[in-house]
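Chemist: Below is one structure. I have some questions about it.
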Amino acid sequence: MHGQMMDSPLLITEIMRFADLNFPSAEVVSVTFDNPRHRTTYRDVFRRARKLANALTAAGIKPGDRVATLAWNDHRHLELYYAVSCMGAVLHTVNPRLFPEQLEYILNHAEDRLVFIDPTLLPLLAPMQGKIPTVERVIVMTSAASMPEAAKGRLPDYETFIADQPEEFDWPVLDENSASSLCYTSGTTGNPKGVLYSHRSNVLHAYAGCMTDSMGLSGRDSVLAVVPMFHANSWGLAYNGPMTGAKLVFPGPKMGDPAVLTQLMNEESVTLAAGVPTVWTLLLNHLRQSGAKLNTLQRTIVGGAAVPLSMIRDFYNEHGVKVVQGWGMTEMSPLGTVSTLRPDMETLPIEEQFKLRALAGHGIFGVSMKVVDDEGRELPWDGKSAGELKVRGPWVCSGYFRQDSSSSHDADGWFATGDVSVIHPNGFMQITDRAKDVIKSGGEWISSVDLENCACGHPDVLMAAAIGVRHPKWDERPILLVVPRQGCTPARDSVLAHLAEHFAKWQLPDEVIVVESLPMTATGKISKKDLREQYGQVLMQHEK
Ligand code: ADP
């Protein structure tokens, strides 16, 4: 027997319509190329989204067509998020930090018809000249008055593109499973792979992000989205904001500038900020050096890579800010787990609470998880049995865009994450490593995440990366690269002594190398691949 409830499709269009009616004056604040503090409201964003949808229709964009963005987080990007998806086309958010060959590959693979580009990113186009045949037009995300000299008269600007268009648009009633957006993984192994989100997956994911024990967004929040809108839907914030009426604050091209981020947080009364750990390492460092304080920030959602315990401690002790760790993947829209504490955990000694927050976190209703051994057998949630993590759920991809997915998905539809993890009896999942980053020394596994986490607790260490490098006897041994805190010189023996308090002797790194900085991936994570290429042979002379 069927239930007798309305079969209303779950559409991003409905988030927009709801916000337009209920939160017309909720603010959207952006740093843009042409304005260091642009202020607007949801009502105006959606009015302009309707003009944009008319302009796109006039440009010949049809349902299913791909429209790309090479853009930072700002109000125009938000307009594109809604206009493109809600008219039935597919918003392809492209990561501008990818290598030129990857950009070219992605635009061609997706067969993008239009590219909307931030003025600061125009130089990316030159090497692609004549190599992206499906792209009919490139539109620069600024006004005529602010067009950079190089593009003036050659390319249209966004404001002129939408200027004469009507303010009404008849949004189609789409099938909820229609594709809404497309995002490629950064392709640390092989070519980037496309993840094609649907209206339904994004709406369900947006509900999940708003649950109190998840990211807990509400209309009381002012949210700084440092996580890029090209990195897995900005973790859903572009939908969570309008769904709840939260104020959205976008740092534009300044997302890597801790001084601007501090200013934005304090001047826009930011309560919640989201980004990858490297952003917050720089911010905490800046706050220490400048003596600045965070006056309104209550919590940060930190994910995309393991969050060091020291960061959780420093945020709380120095600024009273609670860190909520999130784990997820582009393939998961991206939310999988969050480390919000349960009520009984909030009465534990503070150090115990920090340790719980340093885990990847508990599941969110909607994502099923299991850890399996090499034969695919499910392992118990005992906090000890490590294996590959698999996930399944309505906002997990069922395959890759125009690509064979047989190695990532099993016959029962579970997606293999490539992460090695354990799940504790209380449901908290802990990532021990990415499968390809695990250090295998003489047949035993050493967790690079644990080594890094511990090294960051050394008073002289700002950032750390542990990698496995080739060794003549043990196949692989760990080495540790450390970036010093300002004015400090971490001594090898002191770092090793610090690690020795927590690790067995055979797990300690063979080398500690002090470096000025660490290479980053396109999504702002430490690039182990680059480090392995650079340091992979440093121990080949050693005999142990
Ligand atoms: P990319 O690979 O393109 O940088 P993703 O965001 O999809 O982008 O990367 C997902 C991976 O990032 C996960 O599979 C996991 O290895 C890592 N990751 C994400 N969040 C965490 C976390 N909280 N702790 C440890 N690793 C994480």
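Ligands are numbered from 1 in the order shown, residues from 1 within each chain, and chains are lettered A, B, ... in the order they appear in the structure tokens.
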Could you give me the residues within 6 Å of ligand 1, counting only C-alpha atoms and all ligand atoms, as an mmCIF file with C-alpha atoms, in the first residue's frame?

Modeler:
```cif
data_model
loop_
_atom_site.group_PDB
_atom_site.id
_atom_site.type_symbol
_atom_site.label_atom_id
_atom_site.label_comp_id
_atom_site.auth_asym_id
_atom_site.auth_seq_id
_atom_site.Cartn_x
_atom_site.Cartn_y
_atom_site.Cartn_z
ATOM 1 C CA THR A 185 37.948 15.389 -7.409
ATOM 2 C CA SER A 186 41.385 16.928 -7.427
ATOM 3 C CA GLY A 303 37.527 19.073 7.623
ATOM 4 C CA GLY A 304 39.029 17.837 4.410
ATOM 5 C CA ALA A 305 42.085 16.550 6.290
ATOM 6 C CA ALA A 306 42.770 15.379 9.832
ATOM 7 C CA GLN A 325 35.703 18.188 12.851
ATOM 8 C CA GLY A 326 33.987 16.969 9.702
ATOM 9 C CA TRP A 327 34.977 14.086 7.501
ATOM 10 C CA GLY A 328 33.728 13.645 3.985
ATOM 11 C CA MET A 329 34.575 13.571 0.330
ATOM 12 C CA THR A 330 33.649 15.275 -2.914
ATOM 13 C CA ALA A 360 36.499 12.217 12.406
ATOM 14 C CA THR A 417 36.347 5.687 0.230
ATOM 15 C CA ASP A 419 40.306 5.783 3.734
ATOM 16 C CA ILE A 431 40.614 7.947 10.097
ATOM 17 C CA ARG A 434 44.332 7.478 3.391
ATOM 18 C CA THR A 523 42.046 21.902 -2.150
#
```

Chemist: Need the shell around Trp280 (chain A): protein/DNA/RNA residues with any atom at most 12 Å away, counting only C-alpha atoms. Skip same-chain ones fewer than 2 positions apart. Format as number ranges by chain?

Modeler: A: 226-227, 255-259, 261-262, 273-278, 282-287, 300-303, 305, 307-308, 310-312, 314-315, 321, 323, 462-463, 524-525

Chemist: Counting only C-alpha atoms, what is within 9 Å of Arg97 (chain A), bar same-chain residues fewer than 6 positions away, as JSON, numbers by chain?

Modeler: {"A": [103, 521, 522, 523]}

Chemist: Pick out each residue of region 29-268 of chain A that DSSP on the backbone tags as alpha helix (DSSP H); I need them as a ChimeraX atom specification.

Modeler: /A:42-58,75-86,100-110,158-163,199-210,237-244,258-267

Chemist: Tell me, counting only C-alpha atoms, for each residue of region 381-479 of chain A within 7 Å of region 496-503 of chain A, which pair of atoms is nearest and how far apart they are in Å to one decimal, in rows ordered by chain and increasing number, as a Markdown table.

Modeler:
```
| residue | atom | partner | partner_atom | distance |
| --- | --- | --- | --- | --- |
| A:Cys454 | CA | A:Leu499 | CA | 6.5 |
| A:Ala455 | CA | A:Leu499 | CA | 6.6 |
| A:His458 | CA | A:His498 | CA | 6.7 |
```

Chemist: Using DSSP assignments from the backbone, pull out every residue in region 63-270 of chain A that falls under strand (DSSP E) and give it to me as a VMD selection string.

Modeler: chain A and resid 66 to 70 90 to 93 112 to 117 137 to 140 179 to 184 194 to 198 222 to 225 247 to 250

Chemist: Would you pick out the contacts of Ile364 (chain A) at 8 Å or less, using only C-alpha atoms, so that residues sharing its chain but fewer than 3 positions from it are not included, and give the list as a list in words?

Modeler: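 After dropping sequence-adjacent residues, the list is Ala208, Ser214, Gly336, Thr337, Val338 and Val367 of chain A.
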
Chemist: Nearest to Asn54 (chain A): which of A:Val461, A:Ala411, A:Ala83, A:Leu297 is it, counting only C-alpha atoms?

Modeler: A:Ala83

Chemist: Mind dumping a table of every region 357-433 of chain A residue within 12 Å of region 342-350 of chain A, with the nearest atom pair and its distance in Å to one decimal, using only C-alpha atoms, sorted by chain and rising number, as JSON lines?

Modeler:
```
{"residue": "A:Arg357", "atom": "CA", "partner": "A:Met345", "partner_atom": "CA", "distance": 10.3}
{"residue": "A:Gly361", "atom": "CA", "partner": "A:Arg342", "partner_atom": "CA", "distance": 10.8}
{"residue": "A:His362", "atom": "CA", "partner": "A:Arg342", "partner_atom": "CA", "distance": 9.7}
{"residue": "A:Asn426", "atom": "CA", "partner": "A:Arg342", "partner_atom": "CA", "distance": 10.0}
{"residue": "A:Gly427", "atom": "CA", "partner": "A:Arg342", "partner_atom": "CA", "distance": 11.0}
{"residue": "A:Phe428", "atom": "CA", "partner": "A:Arg342", "partner_atom": "CA", "distance": 10.7}
```

Chemist: Using only C-alpha atoms, pick whichever of A:Asp74, A:Asp404, A:Asp437, A:Asp157 has the shortest atom-to-atom distance to Phe230 (chain A).

Modeler: A:Asp74

Chemist: When you count only C-alpha atoms, which of these residues is closest to Val223 (chain A): A:Met211, A:Ala26, A:Met147, A:Ala465?

Modeler: A:Ala26

Chemist: So that I can check the surroundings of region 444-450 of chain A, please list as JSON, numbers by chain every protein, DNA and RNA residue that reaches within 7 Å of it, counting only C-alpha atoms and ignoring chain neighbours fewer than 4 positions away.

Modeler: {"A": [306, 432, 433, 437, 438, 439, 440, 454, 466, 467, 507]}

Chemist: Using only C-alpha atoms, which of A:Leu124, A:Ile513, A:Ala53, A:Ile106 sits nearest Asp170 (chain A)?

Modeler: A:Ala53
